[in-house]
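Asks: Provided herewith: start.tsv, TSV, C-alpha atoms and all ligand atoms.
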chain	number	residue	atom	x	y	z
Q	1156	MET	CA	25.31	15.68	16.25
Q	1157	ASP	CA	22.83	14.76	19.02
Q	1158	GLN	CA	21.30	18.18	18.73
Q	1159	VAL	CA	20.74	17.66	14.99
Q	1160	LEU	CA	19.10	14.30	15.56
Q	1161	GLN	CA	16.86	15.83	18.21
Q	1162	PHE	CA	15.91	18.62	15.81
Q	1163	ILE	CA	14.87	16.01	13.23
Q	1164	ASP	CA	12.80	14.10	15.79
Q	1165	LYS	CA	11.14	17.28	16.98
Q	1166	ASN	CA	10.40	18.33	13.41
Q	1167	LYS	CA	9.08	14.95	12.33
Q	1168	ASN	CA	5.71	16.43	11.38
Q	1169	LYS	CA	7.38	19.05	9.24
Q	1170	LEU	CA	9.26	16.27	7.43
Q	1171	ILE	CA	6.05	14.31	6.82
Q	1172	LYS	CA	4.21	17.43	5.68
Q	1173	LEU	CA	6.96	18.32	3.26
Q	1174	THR	CA	6.90	14.81	1.75
Q	1175	MET	CA	3.11	15.11	1.42
Q	1176	GLN	CA	3.40	18.48	-0.29
Q	1177	LEU	CA	5.84	17.02	-2.80
Q	1178	ILE	CA	3.59	14.01	-3.49
Q	1179	SER	CA	0.62	16.37	-4.00
Q	1180	ILE	CA	2.26	17.85	-7.09
Q	1181	PRO	CA	1.60	15.25	-9.79
Q	1182	THR	CA	4.80	14.99	-11.79
Q	1183	ASP	CA	3.80	12.00	-13.92
Q	1184	ASN	CA	6.30	11.00	-16.52
Q	1185	PRO	CA	5.48	10.35	-19.27
Q	1186	PRO	CA	4.65	12.96	-20.36
Q	1187	GLY	CA	6.40	15.04	-17.64
Q	1188	LYS	CA	3.76	17.07	-15.82
Q	1189	ASN	CA	4.07	20.07	-13.49
Q	1190	TYR	CA	7.85	20.24	-13.58
Q	1191	ASP	CA	7.58	24.04	-13.20
Q	1192	LYS	CA	5.34	23.73	-10.13
Q	1193	ILE	CA	7.55	21.28	-8.30
Q	1194	THR	CA	10.80	23.09	-9.05
Q	1195	ASP	CA	9.21	26.40	-7.93
Q	1196	PHE	CA	8.20	24.72	-4.69
Q	1197	ILE	CA	11.61	23.12	-4.06
Q	1198	GLU	CA	13.48	26.28	-5.04
Q	1199	LYS	CA	11.49	28.34	-2.57
Q	1200	TYR	CA	12.31	25.83	0.17
Q	1201	CYS	CA	16.01	25.88	-0.74
Q	1202	LYS	CA	16.07	29.67	-0.61
Q	1203	ARG	CA	14.55	29.58	2.85
Q	1204	LEU	CA	17.49	27.39	3.82
Q	1205	ALA	CA	19.82	30.06	2.39
Q	1206	LEU	CA	21.06	27.81	-0.42
Q	1207	ASP	CA	22.11	29.35	-3.73
Q	1208	THR	CA	19.90	28.06	-6.48
Q	1209	LYS	CA	20.25	27.85	-10.22
Q	1210	ARG	CA	17.96	26.50	-12.92
Q	1211	ILE	CA	19.31	24.70	-15.94
Q	1212	ILE	CA	16.80	24.09	-18.70
Q	1213	THR	CA	17.54	21.11	-20.93
Q	1214	PRO	CA	17.49	22.59	-24.46
Q	1215	LYS	CA	14.88	21.52	-27.01
Q	1216	SER	CA	17.59	20.11	-29.29
Q	1217	GLU	CA	18.49	17.61	-26.53
Q	1218	LEU	CA	14.85	16.68	-26.00
Q	1219	LYS	CA	14.51	16.04	-29.70
Q	1220	LYS	CA	17.58	13.81	-29.68
Q	1221	TYR	CA	15.90	11.57	-27.12
Q	1222	LYS	CA	12.47	11.76	-28.75
Q	1223	ILE	CA	10.80	13.75	-25.99
Q	1224	ASN	CA	8.11	15.91	-27.54
Q	1225	ALA	CA	5.48	16.35	-24.84
Q	1226	GLY	CA	5.14	17.60	-21.28
Q	1227	SER	CA	6.72	20.43	-19.31
Q	1228	GLU	CA	9.92	22.29	-19.89
Q	1229	ARG	CA	12.74	20.12	-18.48
Q	1230	ILE	CA	14.02	22.07	-15.47
Q	1231	ASN	CA	17.10	20.94	-13.54
Q	1232	LEU	CA	17.32	22.71	-10.22
Q	1233	ILE	CA	20.70	23.00	-8.52
Q	1234	ALA	CA	21.12	24.25	-4.97
Q	1235	ARG	CA	24.47	24.86	-3.31
Q	1236	TRP	CA	25.84	25.33	0.17
Q	1237	ASP	CA	29.39	26.49	-0.42
Q	1238	VAL	CA	31.77	26.39	2.50
Q	1239	ASP	CA	34.96	27.06	0.52
Q	1240	ALA	CA	36.02	23.46	0.91
Q	1241	GLN	CA	38.16	21.65	-1.64
Q	1242	ARG	CA	35.69	18.89	-2.24
Q	1243	THR	CA	32.03	18.79	-3.17
Q	1244	LEU	CA	29.40	16.23	-2.20
Q	1245	HIS	CA	26.50	16.08	-4.63
Q	1246	ILE	CA	23.11	14.69	-3.63
Q	1247	ASN	CA	20.72	14.07	-6.49
Q	1248	SER	CA	16.98	13.39	-6.47
Q	1249	HIS	CA	14.68	13.03	-9.44
Q	1250	TYR	CA	11.28	14.63	-8.96
Q	1251	ASP	CA	9.34	12.86	-11.72
Q	1252	VAL	CA	7.18	9.84	-10.92
Q	1253	VAL	CA	5.67	7.06	-13.00
Q	1254	PRO	CA	1.95	7.47	-13.77
Q	1255	ALA	CA	-0.56	5.74	-11.48
Q	1256	THR	CA	-3.12	3.12	-12.55
Q	1257	SER	CA	-6.81	3.35	-11.67
Q	1258	SER	CA	-6.43	0.45	-9.21
Q	1259	TRP	CA	-5.17	2.60	-6.34
Q	1260	LYS	CA	-7.23	2.36	-3.13
Q	1261	THR	CA	-6.87	6.13	-2.64
Q	1262	ASP	CA	-6.06	9.10	-4.87
Q	1263	PRO	CA	-2.34	8.62	-5.62
Q	1264	PHE	CA	-1.72	12.37	-5.46
Q	1265	LYS	CA	-3.59	12.92	-2.18
Q	1266	PRO	CA	-1.13	11.42	0.30
Q	1267	VAL	CA	-2.56	9.40	3.19
Q	1268	LEU	CA	-0.82	8.72	6.49
Q	1269	LYS	CA	-1.81	5.40	8.00
Q	1270	ARG	CA	-0.19	3.14	10.60
Q	1271	GLY	CA	3.33	4.43	10.18
Q	1272	LYS	CA	3.19	4.53	6.40
Q	1273	LEU	CA	2.75	7.45	4.05
Q	1274	TYR	CA	0.93	6.47	0.86
Q	1275	GLY	CA	1.11	8.31	-2.46
Q	1276	ARG	CA	2.69	8.12	-5.90
Q	1277	GLY	CA	6.37	8.90	-5.54
Q	1278	ALA	CA	6.37	8.30	-1.75
Q	1279	GLU	CA	9.24	5.82	-2.03
Q	1280	ASP	CA	10.49	6.78	-5.50
Q	1281	MET	CA	11.73	9.35	-4.61
Q	1282	LYS	CA	9.98	12.28	-3.02
Q	1283	ALA	CA	10.80	10.97	0.45
Q	1284	ASN	CA	14.48	11.46	-0.35
Q	1285	ILE	CA	13.85	15.05	-1.50
Q	1286	ALA	CA	12.17	15.86	1.81
Q	1287	ALA	CA	14.88	14.00	3.74
Q	1288	VAL	CA	17.78	15.92	2.22
Q	1289	LEU	CA	16.03	19.29	2.66
Q	1290	ILE	CA	15.18	18.67	6.31
Q	1291	ALA	CA	18.69	17.30	6.93
Q	1292	ILE	CA	20.14	20.59	5.71
Q	1293	GLU	CA	17.59	22.55	7.68
Q	1294	ALA	CA	18.55	20.65	10.83
Q	1295	LEU	CA	22.27	21.32	10.34
Q	1296	GLY	CA	21.59	25.01	9.70
Q	1297	ALA	CA	19.36	25.30	12.77
Q	1298	CYS	CA	22.05	23.72	14.95
Q	1299	GLY	CA	24.82	25.89	13.50
Q	1300	ILE	CA	26.74	22.96	12.01
Q	1301	LYS	CA	28.73	23.60	8.86
Q	1302	PRO	CA	29.62	20.77	6.47
Q	1303	LYS	CA	33.27	20.04	5.70
Q	1304	CYS	CA	32.52	19.63	2.00
Q	1305	ASN	CA	30.66	21.97	-0.32
Q	1306	ILE	CA	27.17	20.59	-0.64
Q	1307	GLU	CA	25.49	20.56	-4.01
Q	1308	LEU	CA	21.96	19.29	-4.50
Q	1309	SER	CA	20.22	18.59	-7.77
Q	1310	PHE	CA	16.54	18.00	-8.42
Q	1311	THR	CA	16.13	16.60	-11.88
Q	1312	PRO	CA	13.40	15.43	-14.29
Q	1313	ASP	CA	12.96	12.41	-16.53
Q	1314	GLU	CA	14.68	9.67	-14.50
Q	1315	GLU	CA	11.67	7.49	-15.18
Q	1316	THR	CA	12.28	7.77	-18.92
Q	1317	GLY	CA	16.04	7.16	-18.84
Q	1318	GLY	CA	17.37	10.38	-17.31
Q	1319	ARG	CA	19.31	11.51	-20.36
Q	1320	THR	CA	17.36	14.76	-20.49
Q	1321	GLY	CA	17.72	15.45	-16.78
Q	1322	PHE	CA	20.65	14.33	-14.64
Q	1323	GLY	CA	22.34	12.81	-17.70
Q	1324	TYR	CA	22.34	16.22	-19.37
Q	1325	LEU	CA	23.98	17.89	-16.34
Q	1326	VAL	CA	26.73	15.27	-16.32
Q	1327	ARG	CA	27.23	15.25	-20.11
Q	1328	LYS	CA	27.69	19.01	-20.18
Q	1329	ASN	CA	29.99	19.01	-17.11
Q	1330	ILE	CA	27.55	21.33	-15.35
Q	1331	ILE	CA	28.13	19.25	-12.26
Q	1332	LYS	CA	31.48	17.69	-11.44
Q	1333	PRO	CA	31.45	16.69	-7.79
Q	1334	ASP	CA	33.99	14.61	-5.91
Q	1335	TYR	CA	31.32	12.29	-4.48
Q	1336	ALA	CA	27.66	11.74	-5.16
Q	1337	ILE	CA	24.61	10.13	-3.60
Q	1338	SER	CA	21.29	9.37	-5.27
Q	1339	GLU	CA	18.49	6.81	-4.85
Q	1340	GLY	CA	19.19	3.14	-4.30
Q	1341	TYR	CA	18.75	0.46	-1.67
Q	1342	CYS	CA	17.49	1.20	1.83
Q	1343	ASN	CA	17.98	0.26	5.49
Q	1344	ASP	CA	21.17	-1.76	5.83
Q	1345	TYR	CA	21.96	-1.91	2.12
Q	1346	ILE	CA	23.72	0.67	-0.04
Q	1347	SER	CA	23.83	0.33	-3.81
Q	1348	CYS	CA	27.16	0.69	-5.56
Q	1349	GLY	CA	26.22	0.19	-9.20
Q	1350	ASN	CA	23.94	-1.69	-11.52
Q	1351	LYS	CA	23.78	-4.42	-14.13
Q	1352	GLY	CA	23.98	-3.58	-17.82
Q	1353	ILE	CA	20.91	-3.42	-20.04
Q	1354	ALA	CA	20.33	-4.43	-23.65
Q	1355	TRP	CA	16.88	-4.37	-25.21
Q	1356	PHE	CA	16.18	-6.19	-28.47
Q	1357	ASN	CA	13.23	-6.49	-30.75
Q	1358	ILE	CA	13.16	-9.80	-32.61
Q	1359	GLU	CA	11.26	-9.49	-35.87
Q	1360	ILE	CA	10.10	-12.51	-37.87
Q	1361	LYS	CA	8.62	-12.05	-41.30
Q	1362	GLY	CA	6.34	-14.47	-43.21
Q	1363	ARG	CA	3.92	-14.14	-46.10
Q	1364	SER	CA	0.21	-13.53	-45.64
Q	1365	CYS	CA	-2.60	-15.29	-47.46
Q	1366	HIS	CA	-6.19	-16.39	-46.81
Q	1367	GLY	CA	-6.67	-18.31	-43.56
Q	1368	SER	CA	-8.62	-21.05	-45.37
Q	1369	GLU	CA	-5.57	-21.93	-47.48
Q	1370	PRO	CA	-2.69	-21.39	-45.03
Q	1371	TYR	CA	-0.30	-23.60	-47.03
Q	1372	LYS	CA	-0.05	-20.82	-49.62
Q	1373	GLY	CA	1.65	-18.43	-47.16
Q	1374	ILE	CA	4.39	-18.48	-44.52
Q	1375	ASN	CA	3.04	-18.24	-41.00
Q	1376	ALA	CA	5.22	-15.80	-39.02
Q	1377	PHE	CA	3.60	-16.89	-35.74
Q	1378	GLU	CA	4.53	-20.53	-36.22
Q	1379	LYS	CA	8.06	-19.46	-37.14
Q	1380	MET	CA	8.13	-17.40	-33.95
Q	1381	ILE	CA	7.33	-20.45	-31.82
Q	1382	PHE	CA	10.39	-22.19	-33.23
Q	1383	VAL	CA	12.50	-19.05	-32.68
Q	1384	ALA	CA	11.23	-18.47	-29.14
Q	1385	ASN	CA	12.02	-22.05	-28.15
Q	1386	GLU	CA	15.61	-21.66	-29.33
Q	1387	PHE	CA	15.87	-18.40	-27.39
Q	1388	LEU	CA	14.63	-20.23	-24.30
Q	1389	LEU	CA	17.64	-22.56	-24.56
Q	1390	LEU	CA	19.96	-19.55	-24.75
Q	1391	LYS	CA	18.17	-18.04	-21.76
Q	1392	LYS	CA	18.85	-21.18	-19.72
Q	1393	SER	CA	22.57	-20.96	-20.32
Q	1394	ILE	CA	22.68	-17.16	-19.74
Q	1395	GLU	CA	20.87	-17.41	-16.44
Q	1396	LYS	CA	23.53	-19.71	-15.02
Q	1397	ARG	CA	26.09	-16.87	-15.02
Q	1398	LYS	CA	26.78	-15.43	-11.59
Q	1399	THR	CA	28.49	-12.19	-10.57
Q	1400	CYS	CA	31.30	-11.92	-8.02
Q	1401	PHE	CA	29.85	-8.61	-6.77
Q	1402	SER	CA	27.50	-8.69	-3.81
Q	1403	THR	CA	23.78	-8.48	-4.44
Q	1404	LYS	CA	20.90	-8.15	-2.05
Q	1405	SER	CA	19.35	-11.49	-2.81
Q	1406	GLN	CA	20.90	-14.67	-4.20
Q	1407	LYS	CA	18.59	-14.49	-7.23
Q	1408	ASN	CA	19.96	-11.06	-8.13
Q	1409	ARG	CA	23.42	-12.52	-8.63
Q	1410	PHE	CA	22.54	-14.00	-11.99
Q	1411	SER	CA	22.42	-12.64	-15.50
Q	1412	THR	CA	18.86	-12.48	-16.86
Q	1413	MET	CA	16.99	-12.56	-20.15
Q	1414	MET	CA	13.29	-11.70	-20.09
Q	1415	MET	CA	11.34	-12.44	-23.26
Q	1416	GLY	CA	7.97	-11.23	-24.50
Q	1417	GLY	CA	7.54	-8.00	-22.54
Q	1418	GLU	CA	5.96	-6.86	-25.78
Q	1419	VAL	CA	4.62	-9.15	-28.48
Q	1420	TRP	CA	2.84	-7.99	-31.57
Q	1421	GLY	CA	1.89	-9.03	-35.08
Q	1422	GLY	CA	-0.98	-10.60	-36.99
Q	1423	GLN	CA	-4.02	-8.73	-38.27
Q	1424	LYS	CA	-7.08	-10.93	-38.37
Q	1425	THR	CA	-8.22	-14.44	-37.49
Q	1426	ASN	CA	-8.52	-15.47	-41.12
Q	1427	ILE	CA	-5.27	-13.97	-42.39
Q	1428	VAL	CA	-2.00	-15.87	-42.12
Q	1429	PRO	CA	0.25	-13.51	-40.11
Q	1430	ASP	CA	3.11	-12.06	-42.14
Q	1431	ARG	CA	4.99	-10.47	-39.26
Q	1432	MET	CA	5.58	-11.22	-35.56
Q	1433	CYS	CA	7.78	-9.39	-33.10
Q	1434	PHE	CA	8.78	-10.01	-29.53
Q	1435	THR	CA	11.10	-8.12	-27.23
Q	1436	ILE	CA	14.01	-9.23	-25.09
Q	1437	ASP	CA	15.08	-7.40	-21.92
Q	1438	ARG	CA	18.60	-8.57	-21.20
Q	1439	ARG	CA	20.32	-7.57	-17.92
Q	1440	PHE	CA	23.96	-8.49	-17.82
Q	1441	LEU	CA	26.68	-8.64	-15.18
Q	1442	PRO	CA	29.71	-6.35	-14.75
Q	1443	GLU	CA	31.78	-9.41	-15.72
Q	1444	GLU	CA	30.00	-9.62	-19.08
Q	1445	ASN	CA	30.68	-7.37	-22.00
Q	1446	ILE	CA	28.05	-5.46	-23.99
Q	1447	GLU	CA	29.66	-6.50	-27.29
Q	1448	ASP	CA	29.49	-10.18	-26.27
Q	1449	VAL	CA	25.84	-9.74	-25.31
Q	1450	LYS	CA	25.07	-8.45	-28.80
Q	1451	LYS	CA	27.17	-11.16	-30.44
Q	1452	GLU	CA	25.31	-13.86	-28.53
Q	1453	ILE	CA	22.03	-12.74	-30.08
Q	1454	SER	CA	23.41	-12.36	-33.60
Q	1455	ASN	CA	25.13	-15.76	-33.40
Q	1456	LEU	CA	21.85	-17.39	-32.44
Q	1457	ILE	CA	20.07	-15.66	-35.33
Q	1458	ARG	CA	22.71	-17.00	-37.71
Q	1459	LYS	CA	22.32	-20.50	-36.29
Q	1460	LEU	CA	18.52	-20.33	-36.67
Q	1461	LYS	CA	18.81	-19.25	-40.29
Q	1462	LYS	CA	21.03	-22.28	-40.93
Q	1463	LYS	CA	18.45	-24.58	-39.33
Q	1464	ASP	CA	15.61	-23.12	-41.39
Q	1465	LYS	CA	16.66	-21.58	-44.66
Q	1466	TYR	CA	13.19	-19.99	-45.15
Q	1467	LEU	CA	13.40	-18.14	-41.87
Q	1468	ASP	CA	13.29	-14.36	-42.36
Q	1469	ILE	CA	14.44	-12.96	-39.02
Q	1470	GLU	CA	16.18	-9.87	-37.72
Q	1471	ALA	CA	17.26	-8.71	-34.27
Q	1472	HIS	CA	17.03	-4.95	-33.70
Q	1473	LEU	CA	18.95	-3.48	-30.79
Q	1474	MET	CA	16.63	-0.89	-29.21
Q	1475	SER	CA	18.81	0.36	-26.39
Q	1476	GLU	CA	22.00	-0.53	-24.58
Q	1477	GLU	CA	23.74	0.59	-21.40
Q	1478	ASP	CA	26.86	-0.94	-19.98
Q	1479	SER	CA	26.97	-1.99	-16.32
Q	1480	VAL	CA	28.56	0.35	-13.78
Q	1481	VAL	CA	30.24	-0.29	-10.44
Q	1482	SER	CA	31.55	2.40	-8.11
Q	1483	ASP	CA	34.69	2.03	-6.02
Q	1484	GLU	CA	33.63	0.75	-2.62
Q	1485	LYS	CA	37.01	1.63	-1.16
Q	1486	SER	CA	36.27	5.33	-1.49
Q	1487	ILE	CA	35.97	7.42	1.66
Q	1488	LEU	CA	32.37	8.17	0.64
Q	1489	PHE	CA	31.39	4.53	1.25
Q	1490	LYS	CA	33.39	4.36	4.50
Q	1491	GLU	CA	31.79	7.52	5.87
Q	1492	PHE	CA	28.30	6.64	4.69
Q	1493	LYS	CA	28.52	3.22	6.34
Q	1494	LYS	CA	29.57	4.96	9.55
Q	1495	SER	CA	26.67	7.42	9.32
Q	1496	ALA	CA	24.19	4.62	8.70
Q	1497	LYS	CA	25.63	2.64	11.61
Q	1498	ASN	CA	25.33	5.67	13.91
Q	1499	ILE	CA	21.63	5.93	13.11
Q	1500	LEU	CA	20.54	2.34	12.50
Q	1501	GLY	CA	22.94	0.59	14.85
Q	1502	LYS	CA	23.98	-1.73	12.04
Q	1503	LYS	CA	26.68	-1.35	9.44
Q	1504	PRO	CA	25.16	-1.52	5.93
Q	1505	LYS	CA	26.43	-3.71	3.12
Q	1506	CYS	CA	27.01	-2.74	-0.50
Q	1507	ALA	CA	25.13	-4.44	-3.30
Q	1508	LEU	CA	24.54	-4.14	-7.03
Q	1509	LEU	CA	21.11	-3.00	-8.21
Q	1510	SER	CA	19.50	-5.00	-10.98
Q	1511	GLY	CA	17.88	-1.87	-12.47
Q	1512	ALA	CA	19.69	1.31	-13.51
Q	1513	THR	CA	19.33	4.73	-11.88
Q	1514	ASP	CA	20.55	8.20	-12.87
Q	1515	ILE	CA	23.71	7.89	-10.80
Q	1516	ARG	CA	25.18	5.63	-13.52
Q	1517	PHE	CA	26.09	8.77	-15.50
Q	1518	LEU	CA	28.49	9.89	-12.78
Q	1519	ILE	CA	29.81	6.41	-11.91
Q	1520	ARG	CA	30.88	6.15	-15.55
Q	1521	LYS	CA	33.09	9.20	-15.00
Q	1522	GLY	CA	34.88	7.38	-12.21
Q	1523	ILE	CA	33.37	9.47	-9.42
Q	1524	PRO	CA	32.59	7.54	-6.20
Q	1525	CYS	CA	28.80	7.31	-6.02
Q	1526	LEU	CA	26.30	5.41	-3.94
Q	1527	GLY	CA	22.56	4.93	-3.85
Q	1528	TYR	CA	20.38	5.08	-0.75
Q	1529	SER	CA	16.64	5.61	-0.29
Q	1530	ALA	CA	13.98	5.73	2.36
Q	1531	ASP	CA	12.29	2.34	2.61
Q	1532	GLY	CA	8.90	1.65	1.06
Q	1533	ALA	CA	9.21	-2.14	0.94
Q	1534	GLY	CA	9.85	-2.01	-2.79
Q	1535	SER	CA	6.44	-0.46	-3.53
Q	1536	ALA	CA	7.94	1.99	-6.05
Q	1537	HIS	CA	6.04	1.96	-9.36
Q	1538	SER	CA	3.24	-0.21	-7.93
Q	1539	ASP	CA	-0.28	0.60	-6.78
Q	1540	ASN	CA	-0.53	2.06	-3.27
Q	1541	GLU	CA	3.12	3.03	-3.15
Q	1542	PHE	CA	4.26	4.10	0.31
Q	1543	VAL	CA	7.21	4.98	2.49
Q	1544	TYR	CA	7.73	3.99	6.14
Q	1545	ILE	CA	7.78	7.09	8.35
Q	1546	LYS	CA	10.45	5.48	10.54
Q	1547	SER	CA	12.71	5.05	7.53
Q	1548	LEU	CA	11.95	8.57	6.28
Q	1549	ILE	CA	13.18	9.93	9.61
Q	1550	ASN	CA	16.23	7.65	9.73
Q	1551	THR	CA	17.19	8.53	6.16
Q	1552	THR	CA	17.00	12.22	7.05
Q	1553	LYS	CA	19.32	11.58	10.01
Q	1554	ILE	CA	21.76	9.60	7.88
Q	1555	PHE	CA	21.86	12.40	5.30
Q	1556	ALA	CA	22.48	14.97	8.04
Q	1557	ASP	CA	25.27	12.81	9.47
Q	1558	ILE	CA	27.08	12.22	6.17
Q	1559	ILE	CA	26.70	15.88	5.11
Q	1560	SER	CA	28.31	17.06	8.33
Q	1561	ASN	CA	31.07	14.41	8.45
Q	1562	LEU	CA	32.33	13.82	4.92
Q	1563	LYS	CA	35.56	15.69	4.15
C	1601	ZN	ZN	13.52	6.57	-8.81
Kindly present the structure from the file in structure tokens form.
Ligand SMILES: [Zn+2]
Replies:
Amino acid sequence: MDQVLQFIDKNKNKLIKLTMQLISIPTDNPPGKNYDKITDFIEKYCKRLALDTKRIITPKSELKKYKINAGSERINLIARWDVDAQRTLHINSHYDVVPATSSWKTDPFKPVLKRGKLYGRGAEDMKANIAAVLIAIEALGACGIKPKCNIELSFTPDEETGGRTGFGYLVRKNIIKPDYAISEGYCNDYISCGNKGIAWFNIEIKGRSCHGSEPYKGINAFEKMIFVANEFLLLKKSIEKRKTCFSTKSQKNRFSTMMMGGEVWGGQKTNIVPDRMCFTIDRRFLPEENIEDVKKEISNLIRKLKKKDKYLDIEAHLMSEEDSVVSDEKSILFKEFKKSAKNILGKKPKCALLSGATDIRFLIRKGIPCLGYSADGAGSAHSDNEFVYIKSLINTTKIFADIISNLK
């Protein structure tokens, strides 16, 4: 293994250059740009590493189902290193990135290397991981080391818009059915083993409009909303006392959450009594909670509010829901990965739940042992001046090489 680690150190510039090349292809999603360019680029690299590649295009009917009607063709690239082993380790990376704002200090798609950090959109999330896994395989090949598992890589689109038309499609159609899988997640001495559940609601309050000079003739939906929002705040207080038994990275992450007002809309004009107000709720719930109970909690409150105010015209619309997922930490994948990380970092990592969902949830739901691990960018993913630490990029590459060669 020493030889492999030396190869990675010696080829550090190649690793950085590859990450930069990936960042330079703007794969903003929405709408999903340049998916053909990036998959061409990655496929060429995989072929140079003697991997067998295959492209799976997500059909238009699937895109329609999930209301995707713009951007590139959705290309899922799969690359395999078959060693005739019984088991298969899958490593997934999504290649789409969230769009960049105009507040970046530099061009987000012209990567900049500065004081041990590589800046660019997608540096942390998750083009660094793509480069890391490719160089890890290159290092093993160069040193003549064969993995003990079949290795299957996937490079998929649309994670940033829910992943159902990328990795989710591959899982749904049983195109991939590995024995273990790794995708993005925590970094350094933390591994992610699952995520909280998500339920998004839109709360709609209806009133009756009339002239602003005679407001008593109408029903003011905004004033009704204040009453509603205050009652929701009380529910929020009780929800946010619930704590999970699973480990989380920070103490604050251990609690159930309810975020209100991510979007608020309604009203037309200063002198018109508003006849409709809406606000959203982003509810993240614990593995110990149940999605049906989460929905019931909202509908029970709505019923209670209607009793308190018989003129209240209110409805809660469920916009999206995803149950929480937790992978089995006792699996050999976790044991081996912890060992690999300890070999490289000198410290055994801990497992923790993520508060946000990633694509790996599709496979965890099938009962396949899965973990999340990423190169460290100090949580700058999705923000202006996103970056990745070069040190962590190198270490992540080494950890990938170690787990790929050791997992049976
Ligand atoms: Zn990501």
Asks: Which polymer residues, protein or nucleic acid, are no farther than 10 Å from (11.3, 12.0, -18.2), counting all atoms listed in the file, as a PyMOL selection string?
Replies: chain Q and resi 1182-1188+1218+1223+1225-1227+1229+1249-1253+1311-1321
Asks: Show me, as a list in words, the residues that have an atom within 7 Å of segment 1480-1489 of chain Q when counting all atoms listed in the file, minus same-chain residues fewer than 6 positions from it.
Replies: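 Selected residues are Tyr1335, Cys1348, Gly1349, Asn1350, Lys1351, Pro1442, Arg1516, Ile1519, Arg1520, Pro1524 and Cys1525 of chain Q.
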Asks: Show me as an NGL selection string the residues that reach within 8 Å of (17.0, 6.9, 9.5), counting only C-alpha atoms and using the file's own coordinates.
Replies: :Q and (1343 or 1496 or 1499-1500 or 1530 or 1546-1554)
Asks: Grab the residues selected above and save them as a compact mmCIF listing (two decimals), in the coordinates of the input with C-alpha atoms.
Replies:
# COMPACT_ATOMS: atom_id res chain seq x y z
CA ASN Q 1343 17.98 0.26 5.49
CA ALA Q 1496 24.19 4.62 8.70
CA ILE Q 1499 21.63 5.93 13.11
CA LEU Q 1500 20.54 2.34 12.50
CA ALA Q 1530 13.98 5.73 2.36
CA LYS Q 1546 10.45 5.48 10.54
CA SER Q 1547 12.71 5.05 7.53
CA LEU Q 1548 11.95 8.57 6.28
CA ILE Q 1549 13.18 9.93 9.61
CA ASN Q 1550 16.23 7.65 9.73
CA THR Q 1551 17.19 8.53 6.16
CA THR Q 1552 17.00 12.22 7.05
CA LYS Q 1553 19.32 11.58 10.01
CA ILE Q 1554 21.76 9.60 7.88
Asks: What is the distance, in Å and to one decimal place, between atom CA of Arg1431 of chain Q and atom CA of Val1449 of chain Q?
Replies: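 Computed distance, atom CA of Arg1431 of chain Q to atom CA of Val1449 of chain Q, equals 25.1 Å.
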Asks: Select, from Q:Met1281, Q:Met1413, Q:Ala1240, Q:Ile1197, the residue with the minimum atom-to-atom distance to Lys1392 of chain Q, counting only C-alpha atoms.
Replies: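 Looking only at the distances to Lys1392 of chain Q, the closest residue turns out to be Q:Met1413.
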Asks: Hey, what's within 12 Å of Ser1510 of chain Q if we count only C-alpha atoms and toss same-chain stuff fewer than 3 positions away? As a PyMOL selection string, please?
Replies: chain Q and resi 1340-1341+1347-1353+1399+1401-1412+1438-1442+1479-1481+1507+1513
Asks: Have a look at atom CA of Asp1344 of chain Q and atom CA of Lys1505 of chain Q and let me know their distance in Å, one decimal.
Replies: 6.2 Å
Asks: For Lys1303 of chain Q, please output as a count of residues only all residues within 9 Å (counting all atoms listed in the file; exclusion window: fewer than 2 positions along the same chain).
Replies: 13
Asks: N, CA and C atoms are needed for segment 1369-1376 of chain Q; please write them out as a CSV table (one decimal), in the coordinates of the input.
Replies:
chain,number,residue,atom,x,y,z
Q,1369,GLU,N,-6.6,-21.2,-46.7
Q,1369,GLU,CA,-5.6,-21.9,-47.5
Q,1369,GLU,C,-4.2,-21.6,-47.0
Q,1370,PRO,N,-3.9,-21.9,-45.7
Q,1370,PRO,CA,-2.7,-21.4,-45.0
Q,1370,PRO,C,-1.4,-21.9,-45.7
Q,1371,TYR,N,-1.5,-23.0,-46.4
Q,1371,TYR,CA,-0.3,-23.6,-47.0
Q,1371,TYR,C,0.2,-22.7,-48.1
Q,1372,LYS,N,-0.5,-21.7,-48.6
Q,1372,LYS,CA,0.0,-20.8,-49.6
Q,1372,LYS,C,0.9,-19.7,-49.1
Q,1373,GLY,N,0.8,-19.5,-47.7
Q,1373,GLY,CA,1.6,-18.4,-47.2
Q,1373,GLY,C,2.8,-19.0,-46.3
Q,1374,ILE,N,3.4,-18.1,-45.5
Q,1374,ILE,CA,4.4,-18.5,-44.5
Q,1374,ILE,C,3.9,-17.9,-43.2
Q,1375,ASN,N,3.6,-18.7,-42.3
Q,1375,ASN,CA,3.0,-18.2,-41.0
Q,1375,ASN,C,4.1,-17.7,-40.0
Q,1376,ALA,N,4.2,-16.4,-39.9
Q,1376,ALA,CA,5.2,-15.8,-39.0
Q,1376,ALA,C,5.1,-16.2,-37.6
